[in-house]
$ cat protein_30.pdb   # PDB, C-alpha atoms, pLDDT in the B column
ATOM      1  CA  MET A   1       1.850  10.883  -9.727  1.00 85.00           C
ATOM      2  CA  ALA A   2       2.956  11.340  -6.127  1.00 96.00           C
ATOM      3  CA  GLN A   3       0.867  13.405  -3.761  1.00 98.00           C
ATOM      4  CA  PHE A   4       2.252  16.027  -1.402  1.00 98.00           C
ATOM      5  CA  MET A   5       0.909  17.983   1.543  1.00 98.00           C
ATOM      6  CA  ASP A   6       2.701  21.260   2.092  1.00 97.00           C
ATOM      7  CA  VAL A   7       2.338  23.533   5.082  1.00 97.00           C
ATOM      8  CA  HIS A   8       2.773  27.284   5.437  1.00 98.00           C
ATOM      9  CA  HIS A   9       3.044  28.926   8.856  1.00 97.00           C
ATOM     10  CA  GLY A  10       2.865  32.609   9.750  1.00 96.00           C
ATOM     11  CA  MET A  11      -0.248  33.373   7.681  1.00 96.00           C
ATOM     12  CA  ARG A  12      -2.251  34.701  10.623  1.00 97.00           C
ATOM     13  CA  GLY A  13      -5.267  36.712   9.503  1.00 98.00           C
ATOM     14  CA  ILE A  14      -5.254  35.372   5.946  1.00 97.00           C
ATOM     15  CA  THR A  15      -8.564  36.101   4.202  1.00 97.00           C
ATOM     16  CA  GLU A  16     -10.478  33.990   1.732  1.00 97.00           C
ATOM     17  CA  ASP A  17      -9.513  36.442  -1.047  1.00 97.00           C
ATOM     18  CA  GLN A  18      -5.826  36.214  -0.158  1.00 97.00           C
ATOM     19  CA  LEU A  19      -5.967  32.423  -0.070  1.00 97.00           C
ATOM     20  CA  ARG A  20      -7.708  32.352  -3.444  1.00 97.00           C
ATOM     21  CA  GLU A  21      -5.250  34.830  -4.945  1.00 97.00           C
ATOM     22  CA  ALA A  22      -2.251  32.794  -3.744  1.00 96.00           C
ATOM     23  CA  HIS A  23      -3.805  29.554  -4.982  1.00 97.00           C
ATOM     24  CA  GLU A  24      -4.622  31.047  -8.388  1.00 97.00           C
ATOM     25  CA  ALA A  25      -1.061  32.351  -8.743  1.00 98.00           C
ATOM     26  CA  ASP A  26       0.149  28.780  -8.178  1.00 98.00           C
ATOM     27  CA  LEU A  27      -2.387  27.349 -10.620  1.00 98.00           C
ATOM     28  CA  ALA A  28      -1.314  29.825 -13.292  1.00 98.00           C
ATOM     29  CA  ILE A  29       2.235  28.434 -13.496  1.00 98.00           C
ATOM     30  CA  GLN A  30       1.943  24.936 -11.999  1.00 98.00           C
ATOM     31  CA  GLN A  31       2.085  23.244 -15.388  1.00 98.00           C
ATOM     32  CA  GLU A  32       5.645  24.474 -15.922  1.00 98.00           C
ATOM     33  CA  GLU A  33       6.771  22.050 -13.201  1.00 98.00           C
ATOM     34  CA  GLY A  34       4.189  19.335 -13.866  1.00 98.00           C
ATOM     35  CA  VAL A  35       2.444  20.153 -10.584  1.00 98.00           C
ATOM     36  CA  HIS A  36      -1.303  19.993 -10.001  1.00 98.00           C
ATOM     37  CA  PHE A  37      -2.502  21.774  -6.874  1.00 98.00           C
ATOM     38  CA  ARG A  38      -5.725  20.068  -5.858  1.00 97.00           C
ATOM     39  CA  GLN A  39      -6.870  21.944  -2.799  1.00 97.00           C
ATOM     40  CA  ALA A  40      -5.819  24.380  -0.097  1.00 97.00           C
ATOM     41  CA  TRP A  41      -7.150  24.925   3.420  1.00 98.00           C
ATOM     42  CA  ALA A  42      -6.390  27.793   5.776  1.00 98.00           C
ATOM     43  CA  ASP A  43      -6.694  28.425   9.491  1.00 97.00           C
ATOM     44  CA  PRO A  44      -6.457  32.227   9.804  1.00 98.00           C
ATOM     45  CA  GLU A  45      -6.339  32.006  13.605  1.00 97.00           C
ATOM     46  CA  SER A  46      -3.100  30.020  13.848  1.00 96.00           C
ATOM     47  CA  GLY A  47      -1.894  31.238  10.447  1.00 97.00           C
ATOM     48  CA  THR A  48      -1.549  27.763   8.974  1.00 97.00           C
ATOM     49  CA  VAL A  49      -2.174  26.870   5.324  1.00 98.00           C
ATOM     50  CA  TYR A  50      -2.206  23.328   3.924  1.00 98.00           C
ATOM     51  CA  CYS A  51      -1.928  22.586   0.198  1.00 98.00           C
ATOM     52  CA  LEU A  52      -2.535  19.185  -1.355  1.00 98.00           C
ATOM     53  CA  SER A  53      -0.883  18.587  -4.713  1.00 98.00           C
ATOM     54  CA  GLU A  54       0.133  15.967  -7.226  1.00 98.00           C
ATOM     55  CA  ALA A  55       3.660  16.518  -8.444  1.00 98.00           C
ATOM     56  CA  PRO A  56       6.800  14.828  -9.732  1.00 98.00           C
ATOM     57  CA  SER A  57       8.717  15.856  -6.575  1.00 98.00           C
ATOM     58  CA  SER A  58       8.572  18.072  -3.493  1.00 97.00           C
ATOM     59  CA  ASP A  59      11.164  20.311  -5.154  1.00 98.00           C
ATOM     60  CA  ALA A  60       8.765  20.929  -8.037  1.00 98.00           C
ATOM     61  CA  VAL A  61       6.066  21.959  -5.549  1.00 98.00           C
ATOM     62  CA  GLN A  62       8.480  24.263  -3.766  1.00 98.00           C
ATOM     63  CA  ARG A  63       9.675  25.897  -7.000  1.00 98.00           C
ATOM     64  CA  ILE A  64       6.102  26.916  -7.835  1.00 98.00           C
ATOM     65  CA  HIS A  65       5.457  28.217  -4.307  1.00 98.00           C
ATOM     66  CA  GLU A  66       8.750  30.145  -4.348  1.00 98.00           C
ATOM     67  CA  ARG A  67       8.032  31.777  -7.685  1.00 98.00           C
ATOM     68  CA  THR A  68       4.613  32.936  -6.471  1.00 97.00           C
ATOM     69  CA  GLY A  69       6.123  34.380  -3.307  1.00 96.00           C
ATOM     70  CA  HIS A  70       4.948  31.927  -0.670  1.00 94.00           C
ATOM     71  CA  LYS A  71       7.597  29.310   0.022  1.00 97.00           C
ATOM     72  CA  ALA A  72       6.299  26.316   1.978  1.00 98.00           C
ATOM     73  CA  ASP A  73       7.708  25.668   5.451  1.00 98.00           C
ATOM     74  CA  GLU A  74       7.201  21.912   5.150  1.00 96.00           C
ATOM     75  CA  ILE A  75       6.465  19.607   2.233  1.00 97.00           C
ATOM     76  CA  HIS A  76       5.570  15.981   2.922  1.00 97.00           C
ATOM     77  CA  ALA A  77       5.087  13.241   0.396  1.00 98.00           C
ATOM     78  CA  VAL A  78       1.843  11.490   1.389  1.00 98.00           C
ATOM     79  CA  PRO A  79       2.018   8.129  -0.370  1.00 98.00           C
ATOM     80  CA  LEU A  80      -0.631   6.673   1.955  1.00 98.00           C
ATOM     81  CA  ARG A  81      -4.234   7.827   1.724  1.00 96.00           C
ATOM     82  CA  VAL A  82      -7.528   6.497   3.034  1.00 96.00           C
TER      83      VAL A  82
ATOM     84  CA  MET B   1     -20.446  22.093   9.482  1.00 85.00           C
ATOM     85  CA  ALA B   2     -16.939  23.351  10.242  1.00 96.00           C
ATOM     86  CA  GLN B   3     -13.954  21.600   8.715  1.00 98.00           C
ATOM     87  CA  PHE B   4     -10.823  20.647  10.638  1.00 98.00           C
ATOM     88  CA  MET B   5      -7.358  19.469   9.710  1.00 98.00           C
ATOM     89  CA  ASP B   6      -5.657  17.499  12.428  1.00 97.00           C
ATOM     90  CA  VAL B   7      -2.055  16.419  12.518  1.00 97.00           C
ATOM     91  CA  HIS B   8      -0.361  13.464  14.179  1.00 98.00           C
ATOM     92  CA  HIS B   9       3.412  13.304  14.578  1.00 97.00           C
ATOM     93  CA  GLY B  10       5.598  10.364  15.550  1.00 96.00           C
ATOM     94  CA  MET B  11       3.994   7.867  13.181  1.00 96.00           C
ATOM     95  CA  ARG B  12       7.241   6.985  11.406  1.00 97.00           C
ATOM     96  CA  GLY B  13       6.985   3.763   9.418  1.00 98.00           C
ATOM     97  CA  ILE B  14       3.180   3.705   9.411  1.00 98.00           C
ATOM     98  CA  THR B  15       1.867   1.264   6.797  1.00 97.00           C
ATOM     99  CA  GLU B  16      -1.193   1.545   4.599  1.00 97.00           C
ATOM    100  CA  ASP B  17      -2.885  -1.185   6.669  1.00 97.00           C
ATOM    101  CA  GLN B  18      -2.187   0.657   9.911  1.00 97.00           C
ATOM    102  CA  LEU B  19      -3.496   3.924   8.470  1.00 97.00           C
ATOM    103  CA  ARG B  20      -6.646   2.196   7.237  1.00 97.00           C
ATOM    104  CA  GLU B  21      -7.157   0.428  10.563  1.00 97.00           C
ATOM    105  CA  ALA B  22      -6.814   3.710  12.510  1.00 96.00           C
ATOM    106  CA  HIS B  23      -9.134   5.519  10.091  1.00 97.00           C
ATOM    107  CA  GLU B  24     -11.752   2.770  10.258  1.00 97.00           C
ATOM    108  CA  ALA B  25     -11.651   2.803  14.056  1.00 98.00           C
ATOM    109  CA  ASP B  26     -12.437   6.530  13.880  1.00 98.00           C
ATOM    110  CA  LEU B  27     -15.212   5.994  11.335  1.00 98.00           C
ATOM    111  CA  ALA B  28     -16.801   3.319  13.507  1.00 98.00           C
ATOM    112  CA  ILE B  29     -17.553   5.746  16.360  1.00 98.00           C
ATOM    113  CA  GLN B  30     -17.428   9.185  14.689  1.00 98.00           C
ATOM    114  CA  GLN B  31     -21.207   9.531  14.669  1.00 98.00           C
ATOM    115  CA  GLU B  32     -21.308   9.576  18.464  1.00 98.00           C
ATOM    116  CA  GLU B  33     -19.673  13.029  18.348  1.00 98.00           C
ATOM    117  CA  GLY B  34     -21.245  14.203  15.083  1.00 98.00           C
ATOM    118  CA  VAL B  35     -17.863  13.991  13.340  1.00 98.00           C
ATOM    119  CA  HIS B  36     -17.335  12.967   9.728  1.00 98.00           C
ATOM    120  CA  PHE B  37     -13.758  12.060   8.847  1.00 98.00           C
ATOM    121  CA  ARG B  38     -13.394  12.718   5.134  1.00 97.00           C
ATOM    122  CA  GLN B  39      -9.845  11.740   4.334  1.00 97.00           C
ATOM    123  CA  ALA B  40      -6.454  10.946   5.830  1.00 97.00           C
ATOM    124  CA  TRP B  41      -2.965  11.192   4.361  1.00 98.00           C
ATOM    125  CA  ALA B  42       0.273   9.790   5.775  1.00 98.00           C
ATOM    126  CA  ASP B  43       3.962  10.417   5.264  1.00 97.00           C
ATOM    127  CA  PRO B  44       5.639   7.325   6.742  1.00 98.00           C
ATOM    128  CA  GLU B  45       9.096   8.860   6.318  1.00 97.00           C
ATOM    129  CA  SER B  46       8.556  11.852   8.621  1.00 96.00           C
ATOM    130  CA  GLY B  47       5.819  10.067  10.570  1.00 97.00           C
ATOM    131  CA  THR B  48       3.169  12.694   9.885  1.00 97.00           C
ATOM    132  CA  VAL B  49      -0.539  11.974   9.441  1.00 98.00           C
ATOM    133  CA  TYR B  50      -3.138  14.549   8.357  1.00 98.00           C
ATOM    134  CA  CYS B  51      -6.877  14.001   8.798  1.00 98.00           C
ATOM    135  CA  LEU B  52      -9.558  16.185   7.269  1.00 98.00           C
ATOM    136  CA  SER B  53     -12.921  16.157   8.997  1.00 98.00           C
ATOM    137  CA  GLU B  54     -16.226  17.931   9.355  1.00 98.00           C
ATOM    138  CA  ALA B  55     -17.209  18.322  12.972  1.00 98.00           C
ATOM    139  CA  PRO B  56     -19.076  20.483  15.466  1.00 98.00           C
ATOM    140  CA  SER B  57     -15.779  21.376  17.218  1.00 98.00           C
ATOM    141  CA  SER B  58     -12.108  20.469  17.476  1.00 97.00           C
ATOM    142  CA  ASP B  59     -12.867  18.912  20.862  1.00 98.00           C
ATOM    143  CA  ALA B  60     -15.298  16.521  19.186  1.00 98.00           C
ATOM    144  CA  VAL B  61     -12.563  15.483  16.721  1.00 98.00           C
ATOM    145  CA  GLN B  62     -10.106  14.977  19.565  1.00 98.00           C
ATOM    146  CA  ARG B  63     -12.540  12.905  21.622  1.00 98.00           C
ATOM    147  CA  ILE B  64     -12.891  10.431  18.748  1.00 98.00           C
ATOM    148  CA  HIS B  65      -9.126  10.267  18.167  1.00 98.00           C
ATOM    149  CA  GLU B  66      -8.507   9.791  21.899  1.00 98.00           C
ATOM    150  CA  ARG B  67     -11.019   6.978  22.199  1.00 98.00           C
ATOM    151  CA  THR B  68      -9.407   5.138  19.279  1.00 97.00           C
ATOM    152  CA  GLY B  69      -5.946   5.552  20.797  1.00 96.00           C
ATOM    153  CA  HIS B  70      -4.384   8.151  18.533  1.00 94.00           C
ATOM    154  CA  LYS B  71      -4.740  11.617  20.015  1.00 97.00           C
ATOM    155  CA  ALA B  72      -3.987  14.400  17.536  1.00 98.00           C
ATOM    156  CA  ASP B  73      -0.994  16.670  18.202  1.00 98.00           C
ATOM    157  CA  GLU B  74      -2.647  19.642  16.483  1.00 96.00           C
ATOM    158  CA  ILE B  75      -6.192  20.354  15.344  1.00 97.00           C
ATOM    159  CA  HIS B  76      -6.850  23.385  13.182  1.00 97.00           C
ATOM    160  CA  ALA B  77     -10.215  24.718  12.105  1.00 98.00           C
ATOM    161  CA  VAL B  78      -9.884  25.385   8.358  1.00 98.00           C
ATOM    162  CA  PRO B  79     -12.746  27.758   7.569  1.00 97.00           C
ATOM    163  CA  LEU B  80     -11.052  28.854   4.331  1.00 98.00           C
ATOM    164  CA  ARG B  81     -10.821  26.453   1.380  1.00 96.00           C
ATOM    165  CA  VAL B  82     -10.038  26.859  -2.286  1.00 95.00           C
TER     166      VAL B  82
END
$ encode --input "protein_30.pdb" --output "structure tokens"
Amino acid sequence: MAQFMDVHHGMRGITEDQLREAHEADLAIQQEEGVHFRQAWADPESGTVYCLSEAPSSDAVQRIHERTGHKADEIHAVPLRV
Amino acid sequence: MAQFMDVHHGMRGITEDQLREAHEADLAIQQEEGVHFRQAWADPESGTVYCLSEAPSSDAVQRIHERTGHKADEIHAVPLRV
């Protein structure tokens, strides 16, 4: 399955609880689009969140994020990994 | 140790070999700054590379990337992870 890195801006001040809540909302419905969110990282100072996922397409990733209320600003396929 | 996500733009067309070579150049000297690069992901289409590291500071991460010839465009501390 392809891997994707998606990026959310404008999340300044995000807390660990808020990050976990958002991530768990995604996990709860991810299977409906065949997506598997693997990990998320947040920088509360700049308000940037990164999510790494395996998914059939970037659209599938975005549909999950949209339904849980946090549309990604960028989604990049990351076919290369080391 | 703090974790950092750094981002490189303008790497359009990067190949797996080039990504590996850049990553291995970082690994070869990372210890001199107390940095541990954990993983890197690349999107050759948009030319974006993400590197996840553990390091004493973002400056330490940047010093390694500068010495190996690929300065990061952004470095974000990512204290929150789920």
$ closest_atom_pairs --input "protein_30.pdb" --of "chain B" --to "region 37-41 of chain A" --cutoff "6 Å" --atoms "only C-alpha atoms" --output "JSON lines"
{"residue": "B:Val78", "atom": "CA", "partner": "A:Trp41", "partner_atom": "CA", "distance": 5.7}
{"residue": "B:Leu80", "atom": "CA", "partner": "A:Trp41", "partner_atom": "CA", "distance": 5.6}
{"residue": "B:Arg81", "atom": "CA", "partner": "A:Trp41", "partner_atom": "CA", "distance": 4.5}
{"residue": "B:Val82", "atom": "CA", "partner": "A:Ala40", "partner_atom": "CA", "distance": 5.4}
$ interface_residues --input "protein_30.pdb" --of "chain B" --to "chain A" --cutoff "12 Å" --atoms "all atoms listed in the file" --output "count of residues only"
46
$ calpha_fit_and_write --input "protein_30.pdb" --fixed "chain B" --moving "chain A" --output "CSV table (one decimal) with C-alpha atoms, keeping the file's coordinate frame"
chain,number,residue,atom,x,y,z
A,1,MET,CA,-20.4,22.1,9.5
A,2,ALA,CA,-16.9,23.3,10.2
A,3,GLN,CA,-14.0,21.6,8.7
A,4,PHE,CA,-10.8,20.7,10.6
A,5,MET,CA,-7.3,19.5,9.7
A,6,ASP,CA,-5.7,17.5,12.4
A,7,VAL,CA,-2.0,16.4,12.5
A,8,HIS,CA,-0.4,13.5,14.2
A,9,HIS,CA,3.4,13.3,14.6
A,10,GLY,CA,5.6,10.4,15.6
A,11,MET,CA,4.0,7.9,13.2
A,12,ARG,CA,7.2,7.0,11.4
A,13,GLY,CA,7.0,3.8,9.4
A,14,ILE,CA,3.2,3.7,9.4
A,15,THR,CA,1.9,1.3,6.8
A,16,GLU,CA,-1.2,1.5,4.6
A,17,ASP,CA,-2.9,-1.2,6.7
A,18,GLN,CA,-2.2,0.7,9.9
A,19,LEU,CA,-3.5,3.9,8.5
A,20,ARG,CA,-6.6,2.2,7.2
A,21,GLU,CA,-7.2,0.4,10.6
A,22,ALA,CA,-6.8,3.7,12.5
A,23,HIS,CA,-9.1,5.5,10.1
A,24,GLU,CA,-11.8,2.7,10.3
A,25,ALA,CA,-11.7,2.8,14.1
A,26,ASP,CA,-12.5,6.5,13.9
A,27,LEU,CA,-15.2,6.0,11.3
A,28,ALA,CA,-16.8,3.3,13.5
A,29,ILE,CA,-17.6,5.8,16.4
A,30,GLN,CA,-17.4,9.2,14.7
A,31,GLN,CA,-21.2,9.5,14.7
A,32,GLU,CA,-21.3,9.6,18.5
A,33,GLU,CA,-19.7,13.0,18.3
A,34,GLY,CA,-21.2,14.2,15.1
A,35,VAL,CA,-17.9,14.0,13.3
A,36,HIS,CA,-17.3,13.0,9.7
A,37,PHE,CA,-13.8,12.1,8.9
A,38,ARG,CA,-13.4,12.7,5.1
A,39,GLN,CA,-9.8,11.7,4.3
A,40,ALA,CA,-6.4,10.9,5.8
A,41,TRP,CA,-3.0,11.2,4.4
A,42,ALA,CA,0.3,9.8,5.8
A,43,ASP,CA,4.0,10.4,5.3
A,44,PRO,CA,5.6,7.3,6.7
A,45,GLU,CA,9.1,8.9,6.3
A,46,SER,CA,8.6,11.8,8.6
A,47,GLY,CA,5.8,10.1,10.6
A,48,THR,CA,3.2,12.7,9.9
A,49,VAL,CA,-0.5,12.0,9.4
A,50,TYR,CA,-3.1,14.5,8.4
A,51,CYS,CA,-6.9,14.0,8.8
A,52,LEU,CA,-9.6,16.2,7.3
A,53,SER,CA,-12.9,16.2,9.0
A,54,GLU,CA,-16.2,17.9,9.3
A,55,ALA,CA,-17.2,18.3,13.0
A,56,PRO,CA,-19.1,20.5,15.5
A,57,SER,CA,-15.8,21.4,17.2
A,58,SER,CA,-12.1,20.5,17.5
A,59,ASP,CA,-12.9,18.9,20.9
A,60,ALA,CA,-15.3,16.5,19.2
A,61,VAL,CA,-12.6,15.5,16.7
A,62,GLN,CA,-10.1,15.0,19.6
A,63,ARG,CA,-12.5,12.9,21.6
A,64,ILE,CA,-12.9,10.4,18.7
A,65,HIS,CA,-9.1,10.3,18.2
A,66,GLU,CA,-8.5,9.8,21.9
A,67,ARG,CA,-11.0,7.0,22.2
A,68,THR,CA,-9.4,5.1,19.3
A,69,GLY,CA,-6.0,5.5,20.8
A,70,HIS,CA,-4.4,8.1,18.5
A,71,LYS,CA,-4.7,11.6,20.0
A,72,ALA,CA,-4.0,14.4,17.5
A,73,ASP,CA,-1.0,16.7,18.2
A,74,GLU,CA,-2.6,19.6,16.5
A,75,ILE,CA,-6.2,20.3,15.3
A,76,HIS,CA,-6.9,23.4,13.2
A,77,ALA,CA,-10.2,24.7,12.1
A,78,VAL,CA,-9.9,25.4,8.4
A,79,PRO,CA,-12.7,27.8,7.6
A,80,LEU,CA,-11.1,28.9,4.3
A,81,ARG,CA,-10.8,26.5,1.4
A,82,VAL,CA,-10.0,26.9,-2.3
$ atom_distance --input "protein_30.pdb" --atom1 "CA of Met1 (chain A)" --atom2 "CA of Ile64 (chain A)"
16.7 Å
$ closest_residue --input "protein_30.pdb" --among "A:Lys71, A:Glu66, A:Val61, A:His9" --to "Gln31 (chain A)" --atoms "only C-alpha atoms"
A:Val61
$ resolve_selection --input "protein_30.pdb" --expression "the PyMOL selection byres ((chain A and resi 56) around 7)" --output "JSON list (two decimals) with C-alpha atoms, in the frame of the given file"
[["chain", "number", "residue", "atom", "x", "y", "z"],
["A", 1, "MET", "CA", 1.85, 10.88, -9.73],
["A", 2, "ALA", "CA", 2.96, 11.34, -6.13],
["A", 34, "GLY", "CA", 4.19, 19.34, -13.87],
["A", 35, "VAL", "CA", 2.44, 20.15, -10.58],
["A", 55, "ALA", "CA", 3.66, 16.52, -8.44],
["A", 57, "SER", "CA", 8.72, 15.86, -6.58],
["A", 60, "ALA", "CA", 8.76, 20.93, -8.04]]
$ atom_distance --input "protein_30.pdb" --atom1 "CA of Asp59 (chain B)" --atom2 "CA of Glu33 (chain B)"
9.3 Å
$ atom_distance --input "protein_30.pdb" --atom1 "CA of Ile29 (chain A)" --atom2 "CA of Gly69 (chain A)"
12.4 Å
